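Q: Quick one: the structure is below, questions incoming.
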Amino acid sequence: MNYMQFFSSNFKLGILGGGQLGKMLLYDCKRYDIFTKIMDPNKNAPSSKLADEFTIGDLTNYEDVINFCNDVDVITVEIENVNTDALEFLENNGKKVFPSPSTLRTIQNKSKQKDFYKENNLPTSDYKNYTCLEDIIHDFNNDNIKLPAVWKSAKFGYDGKGVKIIRSFNDIKSLPNMDCLIEDKVDIKKEISVIVARNQDGSEVCFPAVEMEFNSDSNLVEYIMCPANISKKIEEKAYEIAKKTARNFNSIGLLAVELFLTNKGEILINEVAPRPHNSGHHTIECCLTSQFDQHIRSILNLPLGNTDIKIPGIMVNLVGENKIEGDVIYKNINQVMSIPGVSTHLYGKKKSRLNRKMGHITIVNSEIEKAIKIGKEIKELVKVTA
């Protein structure tokens with residue numbers, strides 16, 4: 001397809017999901033003058049005012065997805081929880097769908113995801129899949145589960161939900177009765193992420209590896225530091241694993257590969273996401289090409305952008321701290337705007353609630369240590385509440 005057909009033309013890009021990732025994708029679509037159509041169940045979704053066309057619909061409903069996609073040329077997602085049967089039908093009838101329905105189907109289910117790594121000789125922690133709580137209790141009583149371990153729901157887990165550390169039999173007894181997996185608790189030195197971009201021509205490029213710091217209570221990412229403070233050898237190994245994972249999925253678009261670096265120097269895959277990712281927001285300010293620009297380039301089979309670091313930085317997630325939902329207040333946000341190197345991104349969600357992602361702040365500095373120091377001060381200063 002001629003590149004110019006995408007720009008200022010009748011070409012229509014369909015995006016399933018209208019959250020903050022969709023909103024940030026739309027900024028680059030606007031820059032390229034690509035016509036966009038978005039579907040989301042929430043009429044006030046962050047993307048609702050930026051898309052050329054906005055449709056209210058259920059992303060998991062077969063008919064809604066089919067109807068939405070009828071008049072678009074390329075379909076992509078900003079969230080995994082979509083109806084893959086509908087996308088498969090569309091793909092079989094000539095629509096371009098990236099990521100592919102088969103990739104989405106595997107990634108939607110964490111048990112299938114782990115099986116995929118094992119089948120493709122990709123490094124990951126040991127695990128076992130379960131369909132009911134009774135089998136977990138049976139295995140524990142027969143010394144087949146070593147505690148502490150990590151329990152994950154097979155489906156519908158996101159942003160720290162659907163994950164629990166189990167340390168005792170009481171923790172096991174309190175687990176829900178559902179499809180799940182239990183994996184070995186890894187002795188983690190650092191958590192890192194590598195985002196891989198691939199297009200249909202087979203071109204591929206990695207964004208620089210980043211280091212992630214999580215909040216131990218909510219299991220949400222608090223800080224993303226770019227570049228990661230790791231050796232060149234570890235960095236190259238992380239890129240190799242991330243690219244091999246993307247190739248095995250035959251991923252088109254972005255694939256965010258979250259990795260554990262163990263105290264023994266091993267690198268293990270934790271989870272992947274086939275879309276723009278929280279661990280790539282800093283790329284807007286820190287890299288020559290942002291993850292959002294790169295996703296568009298990838299799915300439209302355009303030349304991939306250079307991912308080199310322009311300037312080091314740290315990204316601070318802004319999450320709701322109020323237990324009772326209410327109209328959002330960003331306390332002390334004005335104060336951080338006077339700090340050099342600070343960029344504030346608010347997602348446009350009117351209601352704040354506990355652990356809801358409401359925005360992020362990126363701090364850049366030629367000295368990463370200075371950026372980290374300012375980032376940690378900002379985290380203490382800015383409070384998202386109601």
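In the structure tokens, chains take the letters A, B, ... in the order shown, each chain's residues start at 1, and ligands count up from 1 in the order shown.
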Just want the 10 Å neighbourhood of Lys376 (chain A), counted on only C-alpha atoms, with same-chain residues fewer than 2 positions away dropped. Output as a tab-separated table (two decimals) with C-alpha atoms, in the first residue's frame.

A:
chain	number	residue	atom	x	y	z
A	222	GLU	CA	5.20	3.65	40.60
A	223	TYR	CA	8.31	4.60	38.62
A	314	ILE	CA	11.84	8.89	35.00
A	315	MET	CA	8.08	8.50	34.72
A	316	VAL	CA	5.90	8.79	37.83
A	371	ALA	CA	15.73	13.00	37.32
A	372	ILE	CA	15.12	10.15	39.80
A	373	LYS	CA	15.59	12.48	42.79
A	374	ILE	CA	13.08	15.00	41.39
A	378	ILE	CA	7.13	14.82	42.96
A	379	LYS	CA	5.60	11.50	44.02
A	380	GLU	CA	5.47	12.79	47.60
A	381	LEU	CA	4.19	16.23	46.56

Q: With only C-alpha atoms as the counted atoms, please give the residues lying no more than 8 Å from region 270-287 of chain A, apart from itself and same-chain residues fewer than 2 positions off, as a ChimeraX atom specification.

A: /A:21,77-80,99,104,107,113,124-125,193,195,210,212,224,226,251,253-260,268,289-292,295,307-315,343,362,364

Q: Store the residues picked out above, limited to N, CA and C atoms, as a compact mmCIF listing (two decimals), in the first residue's frame.

A:
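Output file selection_11.txt follows:
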# COMPACT_ATOMS: atom_id res chain seq x y z
N LEU A 21 -4.45 5.13 26.76
CA LEU A 21 -3.55 4.67 25.70
C LEU A 21 -4.09 5.08 24.34
N VAL A 77 -5.92 -2.39 18.91
CA VAL A 77 -6.53 -2.37 20.25
C VAL A 77 -5.64 -1.57 21.20
N GLU A 78 -6.26 -1.02 22.23
CA GLU A 78 -5.47 -0.41 23.31
C GLU A 78 -5.74 -1.13 24.63
N ILE A 79 -6.45 -2.24 24.54
CA ILE A 79 -6.77 -3.08 25.70
C ILE A 79 -6.95 -4.50 25.18
N GLU A 80 -6.54 -5.50 25.97
CA GLU A 80 -6.62 -6.90 25.48
C GLU A 80 -8.01 -7.50 25.57
N PRO A 99 -2.88 -6.27 16.98
CA PRO A 99 -2.32 -7.61 16.93
C PRO A 99 -3.35 -8.62 16.42
N LEU A 104 -3.87 -12.22 20.52
CA LEU A 104 -4.70 -11.68 21.60
C LEU A 104 -5.29 -12.80 22.46
N ILE A 107 -2.69 -14.17 24.81
CA ILE A 107 -2.27 -13.21 25.84
C ILE A 107 -3.39 -12.91 26.84
N GLN A 113 -0.73 -18.06 28.18
CA GLN A 113 0.48 -17.25 27.97
C GLN A 113 1.71 -18.00 28.48
N THR A 124 10.84 -18.53 31.56
CA THR A 124 9.83 -18.03 32.49
C THR A 124 9.89 -18.87 33.75
N SER A 125 9.25 -18.39 34.81
CA SER A 125 9.29 -19.13 36.08
C SER A 125 8.44 -20.40 35.97
N SER A 193 11.59 -3.80 31.59
CA SER A 193 10.65 -3.94 30.47
C SER A 193 11.33 -3.55 29.18
N ILE A 195 10.12 -2.92 25.13
CA ILE A 195 9.02 -2.86 24.15
C ILE A 195 9.61 -3.07 22.77
N VAL A 210 13.96 -0.43 30.24
CA VAL A 210 13.68 0.44 31.39
C VAL A 210 13.57 -0.39 32.66
N MET A 212 11.61 -0.86 36.30
CA MET A 212 10.31 -0.56 36.89
C MET A 212 10.35 -0.75 38.41
N ILE A 224 9.07 4.45 36.32
CA ILE A 224 9.75 3.85 35.18
C ILE A 224 11.02 4.67 34.95
N CYS A 226 14.48 5.32 32.72
CA CYS A 226 15.09 5.09 31.41
C CYS A 226 16.40 5.88 31.32
N SER A 251 4.23 -11.08 16.21
CA SER A 251 3.59 -9.84 16.65
C SER A 251 3.77 -8.74 15.61
N GLY A 253 2.98 -4.62 15.42
CA GLY A 253 2.66 -3.54 16.35
C GLY A 253 3.66 -3.58 17.48
N LEU A 254 3.23 -3.20 18.65
CA LEU A 254 4.11 -3.22 19.82
C LEU A 254 3.87 -4.46 20.65
N LEU A 255 4.94 -4.98 21.26
CA LEU A 255 4.81 -6.01 22.27
C LEU A 255 5.68 -5.58 23.45
N ALA A 256 5.03 -5.26 24.57
CA ALA A 256 5.75 -4.91 25.80
C ALA A 256 6.05 -6.19 26.54
N VAL A 257 7.33 -6.44 26.79
CA VAL A 257 7.77 -7.68 27.45
C VAL A 257 8.31 -7.32 28.83
N GLU A 258 7.55 -7.69 29.86
CA GLU A 258 7.97 -7.43 31.24
C GLU A 258 8.83 -8.59 31.72
N LEU A 259 9.98 -8.26 32.28
CA LEU A 259 10.99 -9.26 32.61
C LEU A 259 11.43 -9.16 34.07
N PHE A 260 11.76 -10.31 34.64
CA PHE A 260 12.40 -10.36 35.95
C PHE A 260 13.90 -10.59 35.74
N LEU A 268 13.84 -13.74 33.18
CA LEU A 268 12.62 -14.54 33.00
C LEU A 268 11.49 -13.63 32.55
N THR A 289 11.61 8.53 18.95
CA THR A 289 10.26 8.14 18.51
C THR A 289 9.50 7.65 19.74
N SER A 290 8.26 8.08 19.91
CA SER A 290 7.48 7.60 21.06
C SER A 290 6.88 6.23 20.76
N GLN A 291 6.48 5.51 21.80
CA GLN A 291 5.85 4.21 21.58
C GLN A 291 4.55 4.34 20.79
N PHE A 292 3.87 5.47 20.93
CA PHE A 292 2.57 5.65 20.26
C PHE A 292 2.78 5.89 18.76
N HIS A 295 3.78 2.51 17.33
CA HIS A 295 2.68 1.55 17.14
C HIS A 295 1.95 1.84 15.82
N THR A 307 14.69 4.64 17.96
CA THR A 307 14.27 4.60 19.37
C THR A 307 15.35 5.10 20.33
N ASP A 308 16.41 5.68 19.81
CA ASP A 308 17.50 6.13 20.68
C ASP A 308 17.01 7.11 21.74
N ILE A 309 17.69 7.10 22.88
CA ILE A 309 17.35 8.02 23.97
C ILE A 309 17.84 9.42 23.62
N LYS A 310 16.92 10.39 23.66
CA LYS A 310 17.29 11.81 23.50
C LYS A 310 17.87 12.32 24.81
N ILE A 311 17.20 11.94 25.90
CA ILE A 311 17.60 12.40 27.23
C ILE A 311 17.05 11.41 28.25
N PRO A 312 17.82 11.05 29.27
CA PRO A 312 17.31 10.12 30.29
C PRO A 312 16.13 10.71 31.05
N GLY A 313 15.36 9.84 31.69
CA GLY A 313 14.21 10.34 32.44
C GLY A 313 13.58 9.30 33.34
N ILE A 314 12.63 9.76 34.13
CA ILE A 314 11.84 8.89 35.00
C ILE A 314 10.37 9.27 34.83
N MET A 315 9.51 8.26 34.79
CA MET A 315 8.08 8.50 34.72
C MET A 315 7.46 8.13 36.06
N SER A 343 7.14 17.16 32.48
CA SER A 343 5.98 17.13 31.56
C SER A 343 4.84 16.40 32.25
N THR A 362 6.48 12.92 33.59
CA THR A 362 7.82 12.52 33.17
C THR A 362 8.80 13.63 33.51
N VAL A 364 12.75 14.71 32.84
CA VAL A 364 13.97 14.41 32.08
C VAL A 364 15.13 15.25 32.61

Q: So the first atom is CA of Val221 (chain A) and the second is CA of Val163 (chain A); what is the distance between them in Å, to one decimal place?

A: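 Value for the CA of Val221 (chain A)-CA of Val163 (chain A) distance: 13.9 Å.
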
Q: Just the residues within 12 Å of Arg167 (chain A), please, counting only C-alpha atoms, with nothing from its chain fewer than 6 positions along; format it as JSON, numbers by chain.

A: {"A": [140, 145, 146, 147, 148, 149, 150, 151, 173, 174, 175, 184, 185]}

Q: Would you list the contacts of Gln335 (chain A) as a list in words, taking every protein, DNA or RNA residue within 12 Å and counting only C-alpha atoms, but skipping same-chain residues closer than 2 positions in sequence?

A: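 The neighbour list is Tyr330, Lys331, Asn332, Ile333, Met337, Ser338, Ile339, Pro340, Val342, Thr344, Glu377, Ile378, Leu381, Val382 and Lys383 of chain A.
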
Q: Keeping N, CA and C atoms for every residue in the selection just given, could you write it to a file as a compact mmCIF listing (two decimals), in the first residue's frame?

A:
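What ended up in again.txt:
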# COMPACT_ATOMS: atom_id res chain seq x y z
N TYR A 330 -6.18 17.25 41.77
CA TYR A 330 -4.73 17.02 41.67
C TYR A 330 -4.04 18.01 42.60
N LYS A 331 -3.75 17.58 43.82
CA LYS A 331 -3.16 18.50 44.80
C LYS A 331 -1.70 18.80 44.46
N ASN A 332 -1.34 20.07 44.49
CA ASN A 332 0.03 20.57 44.28
C ASN A 332 0.55 20.40 42.85
N ILE A 333 -0.35 20.14 41.90
CA ILE A 333 0.08 19.94 40.51
C ILE A 333 0.73 21.22 39.96
N MET A 337 4.86 22.15 37.89
CA MET A 337 4.98 22.71 36.54
C MET A 337 6.10 23.74 36.42
N SER A 338 6.59 24.24 37.55
CA SER A 338 7.68 25.22 37.51
C SER A 338 9.06 24.53 37.51
N ILE A 339 9.07 23.20 37.66
CA ILE A 339 10.35 22.48 37.72
C ILE A 339 10.84 22.19 36.30
N PRO A 340 12.08 22.55 35.96
CA PRO A 340 12.62 22.28 34.62
C PRO A 340 12.61 20.78 34.31
N VAL A 342 10.02 18.90 33.51
CA VAL A 342 8.81 18.17 33.92
C VAL A 342 7.72 18.28 32.85
N THR A 344 3.70 17.04 32.33
CA THR A 344 2.53 16.47 33.02
C THR A 344 1.50 15.99 32.01
N GLU A 377 10.58 13.16 44.67
CA GLU A 377 10.04 14.32 45.39
C GLU A 377 8.62 14.65 44.88
N ILE A 378 8.45 14.55 43.56
CA ILE A 378 7.13 14.82 42.96
C ILE A 378 6.10 13.81 43.43
N LEU A 381 4.85 14.92 46.62
CA LEU A 381 4.19 16.23 46.56
C LEU A 381 2.78 16.15 45.96
N VAL A 382 2.66 15.47 44.81
CA VAL A 382 1.39 15.46 44.08
C VAL A 382 0.50 14.33 44.60
N LYS A 383 -0.69 14.68 45.01
CA LYS A 383 -1.64 13.69 45.53
C LYS A 383 -2.92 13.75 44.68

Q: Which residues, written as a list in words, have at least one atom at most 10 Å from Lys264 (chain A), with only C-alpha atoms counted and residues fewer than 5 positions away on the same chain left out?

A: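 Neighbouring residues, sequence-local ones excluded: Asp187, Ile188 and Lys189 of chain A.
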